[in-house]
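Chemist: One structure, as structure tokens, below. Some questions next.
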Amino acid sequence: MFEMLRVEARKAAKILEKHDFARIYTHYDADGISAGAVISAALYRRGKAFHLSFLSGLNESIDVDDDLIIFADMGSGYPDVISDIDADVVVVDHHFPVGRIEPKKDFAHINPHLAGIDGSYELSASGTAYVFAKELGDNTDLSSVALVGIIGDKQKISGGNAEIIGEGVKEGHIEQKEGLRMISGKIRDVLRLSLEPFLDFYSKEEELEEFLSQIGIDGEREFDELSRDEERKLANGIVLRILKMNSYPGVVEDFTGMRFYLKAELIQNAVMMSEVVNATGRKAANAVGLAICLRDESFLDKGFELWKEFTEGIHEEIERRRHEVQEGECIRYLVMENGTSTGPIASVFSRYLFADRPFIALNIKKDGRVKVSARSNQKIAEKLDLAEVMRVAAEKVGGRGGGHVVAAGANISDNAVDDFIREVDRLCCSQLSS
Ligand SMILES: [Mn+2]
């Protein structure tokens with residue numbers, strides 16, 4: 001599976017041997033943070049010093065004065081930025097490569113798309129980082145950290161991801177059990193706060209109590225302590241509820257099947273760990289998520305606190321914004337001013353509440369910059385490449401965009417919002433009708 005990817009990983013390992021220090025930049029989401037953790041741990045074990053920073057993307061200006069720069073979960077879509085760097089560069093990414101990189105010095109590009117593996121669904125940045133880490137030493141225990149990013153990016157448990165999980169299971173770092181891939185806690189809280197799947201119980205207490213009594217399970221019990229039979233009953237109720245929303249039916253396979261436990265990690269439930277790490281990034285406390293991935297127990301309470309704050313915030317934002325969603329010709333979109341964050345909201349809206357069309361969330365920030373998240377699902381993605389739509393529409397209004405076919409983003413300026421939405425709508429219509 002990883003033969004071709006390993007060739008590039010070995011090249012990267014060779015570049016690393018020339019240096020005692022690496023400057024690492026990674027993305028601030030769960031996949032980026034866990035990819036950063038995998039690389040940092042592998043470097044540390046190899047006796048290499050490093051300095052790691054988190055970015056929202058390569059549209060931010062960065063300091064490239066060091067001799068070795070490593071990018072994780074970014075880089076493949078920014079050939080101009082990479083080509084400009086006067087240093088050795090390693091890119092560990094799974095976004096679709098755009099254009100041509102012309103490196104000034106030594107360069108390795110570890111990206112599944114360049115090695116015959118589907119990086120949109122079947123290998124995350126954390127998984128790609130794991131393949132790199134394996135070339136640096138005996139790092140199979142980091143498979144569990146890689147799984148945090150796989151879940152965070154809503155990837156499939158197949159292909160490269162399944163291979164990594166299989167390795168983790170074989171070596172005893174990951175345990176898999178049949179069950180629901182959801183967060184841990186009291187059942188009532190899990191149902192109310194869950195974002196994957198989103199169950200729309202947050203402010204519907206009566207509905208939640210009725211749901212619990214119908215399936216005959218005490219909401220005060222711990223989710224992890226349900227019997228197989230009780231969990232099956234709960235699963236049926238959950239699936240029914242989801243299918244009654246305007247949701248994409250494919251979401252069901254994303255949380256049913258296997259439940260993963262990370263034996264060496266501070267948070268054993270893989271979904272819970274991924275959510276906590278994601279929340280630290282969204283709350284601009286990435287270092288907390290990184291520390292948790294590096295197994296530093298002193299950050300655990302802070303991590304859970306941030307998770308609760310972030311998750312409740314998102315649910316409240318969903319409540320507030322679901323009635324503000326607008327319709328284009330072929331898309332739905334939401335324009336927020338100083339909203340919490342666009343990605344998680346766009347995910348829930350596109351997967352659970354408005355799944356029949358591509359969904360675009362725009363957040364206009366105080367400084368006039370606009371962050372855009374675009375989401376669709378696998379069915380829509382058969383015809384529509386959102387990464388391409390974001391790239392073309394953003395470039396047309398002087399911004400930048402890209403990403404994955406089902407999950408993409410852009411950065412534009414506030415005076416371009418209307419033109420941008422119109423262009424996105426036009427591009428989606430034209431791709432969807434072809
Ligand atoms: Mn990623």
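For the structure tokens, the naming scheme is as follows: chains receive sequential letters (A, B, ...) according to their order of presentation, residues are indexed from 1 within each chain, and ligands are indexed from 1 in presentation order.
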Show me which residues line ligand 1, defined as having an atom within 10 Å of a ligand atom where only C-alpha atoms and all ligand atoms count, and present them as a ChimeraX atom specification.

Modeler: /A:26-35,72-74,93-95,119-120,123-128,149-150,152-155,403-404,407

Chemist: Go ahead and save the residues from that selection, with N, CA and C atoms, as a short mmCIF file (atom, residue, chain, number, x, y, z; two decimals), in the first residue's frame.

Modeler:
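Output contents, as saved in out.cif:
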data_model
loop_
_atom_site.label_atom_id
_atom_site.label_comp_id
_atom_site.auth_asym_id
_atom_site.auth_seq_id
_atom_site.Cartn_x
_atom_site.Cartn_y
_atom_site.Cartn_z
N THR A 26 2.21 23.49 10.81
CA THR A 26 1.10 22.58 10.56
C THR A 26 -0.23 23.31 10.69
N HIS A 27 -1.27 22.64 10.24
CA HIS A 27 -2.62 23.22 10.26
C HIS A 27 -3.19 23.13 11.67
N TYR A 28 -4.14 24.01 12.00
CA TYR A 28 -4.62 24.07 13.38
C TYR A 28 -5.81 23.15 13.68
N ASP A 29 -6.20 22.29 12.73
CA ASP A 29 -7.31 21.37 13.04
C ASP A 29 -6.78 20.05 13.60
N ALA A 30 -7.70 19.12 13.91
CA ALA A 30 -7.29 17.87 14.58
C ALA A 30 -6.28 17.10 13.74
N ASP A 31 -6.50 17.07 12.43
CA ASP A 31 -5.56 16.35 11.56
C ASP A 31 -4.19 17.03 11.58
N GLY A 32 -4.19 18.36 11.48
CA GLY A 32 -2.92 19.09 11.49
C GLY A 32 -2.19 18.95 12.81
N ILE A 33 -2.93 19.07 13.92
CA ILE A 33 -2.29 18.97 15.24
C ILE A 33 -1.72 17.57 15.45
N SER A 34 -2.49 16.54 15.07
CA SER A 34 -1.97 15.18 15.29
C SER A 34 -0.82 14.89 14.32
N ALA A 35 -0.88 15.43 13.10
CA ALA A 35 0.25 15.26 12.17
C ALA A 35 1.49 15.92 12.77
N ALA A 72 3.13 20.41 7.38
CA ALA A 72 2.22 19.28 7.53
C ALA A 72 0.79 19.73 7.30
N ASP A 73 0.01 18.90 6.63
CA ASP A 73 -1.40 19.18 6.32
C ASP A 73 -1.55 20.47 5.50
N MET A 74 -0.51 20.86 4.82
CA MET A 74 -0.55 22.03 3.93
C MET A 74 0.71 22.03 3.07
N ASP A 93 1.64 16.21 3.22
CA ASP A 93 0.28 16.74 3.00
C ASP A 93 -0.59 15.71 2.29
N HIS A 94 -1.91 15.90 2.35
CA HIS A 94 -2.81 15.01 1.62
C HIS A 94 -3.83 15.80 0.80
N HIS A 95 -3.62 17.12 0.70
CA HIS A 95 -4.47 17.91 -0.18
C HIS A 95 -4.03 17.70 -1.62
N GLY A 119 -6.03 10.57 -1.20
CA GLY A 119 -5.82 11.40 -0.02
C GLY A 119 -7.07 12.10 0.48
N SER A 120 -8.13 12.10 -0.31
CA SER A 120 -9.36 12.77 0.14
C SER A 120 -10.11 11.93 1.17
N LEU A 123 -6.35 8.61 3.23
CA LEU A 123 -5.14 8.89 4.02
C LEU A 123 -5.14 10.37 4.43
N SER A 124 -5.05 10.59 5.73
CA SER A 124 -5.04 11.95 6.28
C SER A 124 -3.60 12.47 6.32
N ALA A 125 -3.44 13.73 6.73
CA ALA A 125 -2.09 14.26 6.93
C ALA A 125 -1.41 13.51 8.08
N SER A 126 -2.19 13.20 9.14
CA SER A 126 -1.60 12.48 10.28
C SER A 126 -1.12 11.10 9.85
N GLY A 127 -1.87 10.44 8.96
CA GLY A 127 -1.47 9.14 8.44
C GLY A 127 -0.24 9.25 7.55
N THR A 128 -0.19 10.31 6.76
CA THR A 128 0.98 10.55 5.90
C THR A 128 2.21 10.81 6.79
N GLY A 149 -6.30 12.12 13.66
CA GLY A 149 -6.45 12.96 12.47
C GLY A 149 -7.38 12.32 11.44
N ILE A 150 -7.33 11.02 11.33
CA ILE A 150 -8.20 10.29 10.39
C ILE A 150 -9.66 10.59 10.74
N GLY A 152 -10.68 13.11 12.73
CA GLY A 152 -10.88 14.56 12.67
C GLY A 152 -11.21 15.05 11.27
N ASP A 153 -10.61 14.45 10.26
CA ASP A 153 -10.86 14.86 8.87
C ASP A 153 -12.04 14.09 8.26
N LYS A 154 -12.77 13.32 9.07
CA LYS A 154 -13.92 12.54 8.61
C LYS A 154 -13.57 11.63 7.44
N GLN A 155 -12.41 11.01 7.55
CA GLN A 155 -12.00 10.12 6.46
C GLN A 155 -12.61 8.74 6.64
N GLY A 403 -8.39 22.75 -1.45
CA GLY A 403 -8.72 21.76 -0.42
C GLY A 403 -9.03 20.41 -1.00
N HIS A 404 -10.12 19.81 -0.54
CA HIS A 404 -10.53 18.48 -0.99
C HIS A 404 -11.82 18.57 -1.81
N ALA A 407 -14.56 18.80 0.93
CA ALA A 407 -14.35 19.80 1.98
C ALA A 407 -13.26 20.74 1.53
#

Chemist: Please identify all polymer residues within 7 Å of segment 245-250 of chain A, counting only C-alpha atoms, omitting same-chain residues fewer than 3 positions from it, and present them as a PyMOL selection string.

Modeler: chain A and resi 241-242+253+351-355

Chemist: Please identify all polymer residues within 12 Å of Asp63 of chain A, counting only C-alpha atoms, omitting same-chain residues fewer than 2 positions from it, and present them as number ranges by chain.

Modeler: A: 23-25, 51-53, 55, 58, 60-61, 65-69, 81, 85-87

Chemist: Could those selected residues go to a file with C-alpha atoms, as a compact mmCIF listing (two decimals), in the first residue's frame?

Modeler:
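selection-v3.txt was written with the following content:
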# COMPACT_ATOMS: atom_id res chain seq x y z
CA ARG A 23 11.04 24.41 11.69
CA ILE A 24 7.60 22.79 11.48
CA TYR A 25 4.38 24.42 10.32
CA HIS A 51 10.04 24.52 16.67
CA LEU A 52 6.42 23.95 15.72
CA SER A 53 3.82 26.58 14.81
CA LEU A 55 -1.28 28.12 10.81
CA LEU A 58 -0.25 29.17 3.78
CA GLU A 60 -0.47 33.62 6.27
CA SER A 61 3.04 34.96 5.91
CA ASP A 65 14.87 31.67 7.88
CA ASP A 66 15.77 28.18 9.05
CA ASP A 67 17.67 25.57 7.02
CA LEU A 68 14.95 22.92 7.11
CA ILE A 69 11.23 23.67 6.93
CA VAL A 81 5.05 29.62 -1.69
CA ILE A 85 11.68 29.06 0.07
CA ASP A 86 15.47 29.18 0.14
CA ALA A 87 15.90 26.15 2.42

Chemist: So what do you get for atom CA of Glu171 of chain A versus atom CA of Asp224 of chain A, distance-wise?

Modeler: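 Separation of atom CA of Glu171 of chain A and atom CA of Asp224 of chain A: 23.4 Å.
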
Chemist: Assign secondary structure with DSSP using the backbone only, and return the residues of segment 303-349 of chain A in helix (DSSP H, G or I) as a PDB file with N, CA and C atoms, in the first residue's frame.

Modeler:
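result20.pdb, freshly written:
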ATOM      1  N   GLY A 303      -8.012  20.669  28.183  1.00  0.00           N
ATOM      2  CA  GLY A 303      -8.517  20.155  26.910  1.00  0.00           C
ATOM      3  C   GLY A 303     -10.010  19.883  26.980  1.00  0.00           C
ATOM      4  N   PHE A 304     -10.454  19.225  28.041  1.00  0.00           N
ATOM      5  CA  PHE A 304     -11.882  18.913  28.180  1.00  0.00           C
ATOM      6  C   PHE A 304     -12.719  20.175  28.370  1.00  0.00           C
ATOM      7  N   GLU A 305     -12.153  21.111  29.113  1.00  0.00           N
ATOM      8  CA  GLU A 305     -12.844  22.382  29.331  1.00  0.00           C
ATOM      9  C   GLU A 305     -13.066  23.104  27.987  1.00  0.00           C
ATOM     10  N   LEU A 306     -12.009  23.141  27.166  1.00  0.00           N
ATOM     11  CA  LEU A 306     -12.112  23.787  25.851  1.00  0.00           C
ATOM     12  C   LEU A 306     -13.109  23.049  24.968  1.00  0.00           C
ATOM     13  N   TRP A 307     -13.097  21.723  25.050  1.00  0.00           N
ATOM     14  CA  TRP A 307     -14.020  20.917  24.240  1.00  0.00           C
ATOM     15  C   TRP A 307     -15.475  21.270  24.562  1.00  0.00           C
ATOM     16  N   LYS A 308     -15.785  21.378  25.880  1.00  0.00           N
ATOM     17  CA  LYS A 308     -17.156  21.647  26.276  1.00  0.00           C
ATOM     18  C   LYS A 308     -17.588  23.027  25.789  1.00  0.00           C
ATOM     19  N   GLU A 309     -16.718  23.998  26.030  1.00  0.00           N
ATOM     20  CA  GLU A 309     -16.997  25.368  25.598  1.00  0.00           C
ATOM     21  C   GLU A 309     -17.224  25.437  24.087  1.00  0.00           C
ATOM     22  N   PHE A 310     -16.309  24.820  23.360  1.00  0.00           N
ATOM     23  CA  PHE A 310     -16.374  24.866  21.899  1.00  0.00           C
ATOM     24  C   PHE A 310     -17.637  24.165  21.383  1.00  0.00           C
ATOM     25  N   THR A 311     -17.914  22.976  21.910  1.00  0.00           N
ATOM     26  CA  THR A 311     -19.037  22.179  21.408  1.00  0.00           C
ATOM     27  C   THR A 311     -20.360  22.871  21.691  1.00  0.00           C
ATOM     28  N   GLU A 312     -20.507  23.405  22.900  1.00  0.00           N
ATOM     29  CA  GLU A 312     -21.747  24.128  23.204  1.00  0.00           C
ATOM     30  C   GLU A 312     -21.883  25.364  22.320  1.00  0.00           C
ATOM     31  N   GLY A 313     -20.756  26.029  22.097  1.00  0.00           N
ATOM     32  CA  GLY A 313     -20.753  27.203  21.224  1.00  0.00           C
ATOM     33  C   GLY A 313     -21.227  26.867  19.817  1.00  0.00           C
ATOM     34  N   ILE A 314     -20.750  25.760  19.288  1.00  0.00           N
ATOM     35  CA  ILE A 314     -21.148  25.354  17.932  1.00  0.00           C
ATOM     36  C   ILE A 314     -22.641  25.030  17.885  1.00  0.00           C
ATOM     37  N   HIS A 315     -23.130  24.304  18.882  1.00  0.00           N
ATOM     38  CA  HIS A 315     -24.560  23.977  18.899  1.00  0.00           C
ATOM     39  C   HIS A 315     -25.406  25.252  18.966  1.00  0.00           C
ATOM     40  N   GLU A 316     -24.945  26.199  19.792  1.00  0.00           N
ATOM     41  CA  GLU A 316     -25.702  27.455  19.885  1.00  0.00           C
ATOM     42  C   GLU A 316     -25.674  28.212  18.564  1.00  0.00           C
ATOM     43  N   GLU A 317     -24.509  28.203  17.925  1.00  0.00           N
ATOM     44  CA  GLU A 317     -24.386  28.868  16.625  1.00  0.00           C
ATOM     45  C   GLU A 317     -25.292  28.186  15.583  1.00  0.00           C
ATOM     46  N   ILE A 318     -25.362  26.870  15.626  1.00  0.00           N
ATOM     47  CA  ILE A 318     -26.230  26.139  14.689  1.00  0.00           C
ATOM     48  C   ILE A 318     -27.691  26.567  14.899  1.00  0.00           C
ATOM     49  N   GLU A 319     -28.095  26.611  16.167  1.00  0.00           N
ATOM     50  CA  GLU A 319     -29.454  27.050  16.496  1.00  0.00           C
ATOM     51  C   GLU A 319     -29.750  28.431  15.920  1.00  0.00           C
ATOM     52  N   ARG A 320     -28.786  29.346  16.155  1.00  0.00           N
ATOM     53  CA  ARG A 320     -28.956  30.726  15.724  1.00  0.00           C
ATOM     54  C   ARG A 320     -28.991  30.855  14.211  1.00  0.00           C
ATOM     55  N   ARG A 321     -28.127  30.082  13.537  1.00  0.00           N
ATOM     56  CA  ARG A 321     -27.887  30.314  12.110  1.00  0.00           C
ATOM     57  C   ARG A 321     -28.741  29.481  11.170  1.00  0.00           C
ATOM     58  N   THR A 342     -16.277  28.507  10.714  1.00  0.00           N
ATOM     59  CA  THR A 342     -17.090  28.117   9.566  1.00  0.00           C
ATOM     60  C   THR A 342     -17.096  26.604   9.321  1.00  0.00           C
ATOM     61  N   GLY A 343     -15.955  25.953   9.499  1.00  0.00           N
ATOM     62  CA  GLY A 343     -15.825  24.541   9.140  1.00  0.00           C
ATOM     63  C   GLY A 343     -16.835  23.627   9.834  1.00  0.00           C
ATOM     64  N   PRO A 344     -16.856  23.627  11.173  1.00  0.00           N
ATOM     65  CA  PRO A 344     -17.767  22.721  11.880  1.00  0.00           C
ATOM     66  C   PRO A 344     -19.235  22.997  11.555  1.00  0.00           C
ATOM     67  N   ILE A 345     -19.596  24.262  11.399  1.00  0.00           N
ATOM     68  CA  ILE A 345     -20.988  24.592  11.070  1.00  0.00           C
ATOM     69  C   ILE A 345     -21.332  24.110   9.666  1.00  0.00           C
ATOM     70  N   ALA A 346     -20.417  24.379   8.727  1.00  0.00           N
ATOM     71  CA  ALA A 346     -20.655  23.933   7.353  1.00  0.00           C
ATOM     72  C   ALA A 346     -20.762  22.410   7.301  1.00  0.00           C
ATOM     73  N   SER A 347     -19.972  21.715   8.106  1.00  0.00           N
ATOM     74  CA  SER A 347     -20.037  20.246   8.135  1.00  0.00           C
ATOM     75  C   SER A 347     -21.412  19.762   8.573  1.00  0.00           C
ATOM     76  N   VAL A 348     -21.895  20.293   9.688  1.00  0.00           N
ATOM     77  CA  VAL A 348     -23.189  19.850  10.209  1.00  0.00           C
ATOM     78  C   VAL A 348     -24.305  20.206   9.225  1.00  0.00           C
ATOM     79  N   PHE A 349     -24.294  21.430   8.714  1.00  0.00           N
ATOM     80  CA  PHE A 349     -25.353  21.839   7.785  1.00  0.00           C
ATOM     81  C   PHE A 349     -25.337  20.979   6.521  1.00  0.00           C
TER      82      PHE A 349
END

Chemist: Suppose you want the space between atom CA of Ser143 of chain A and atom CA of Glu225 of chain A; what is it in Å?

Modeler: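 Straight-line distance from atom CA of Ser143 of chain A to atom CA of Glu225 of chain A works out to 25.5 Å.
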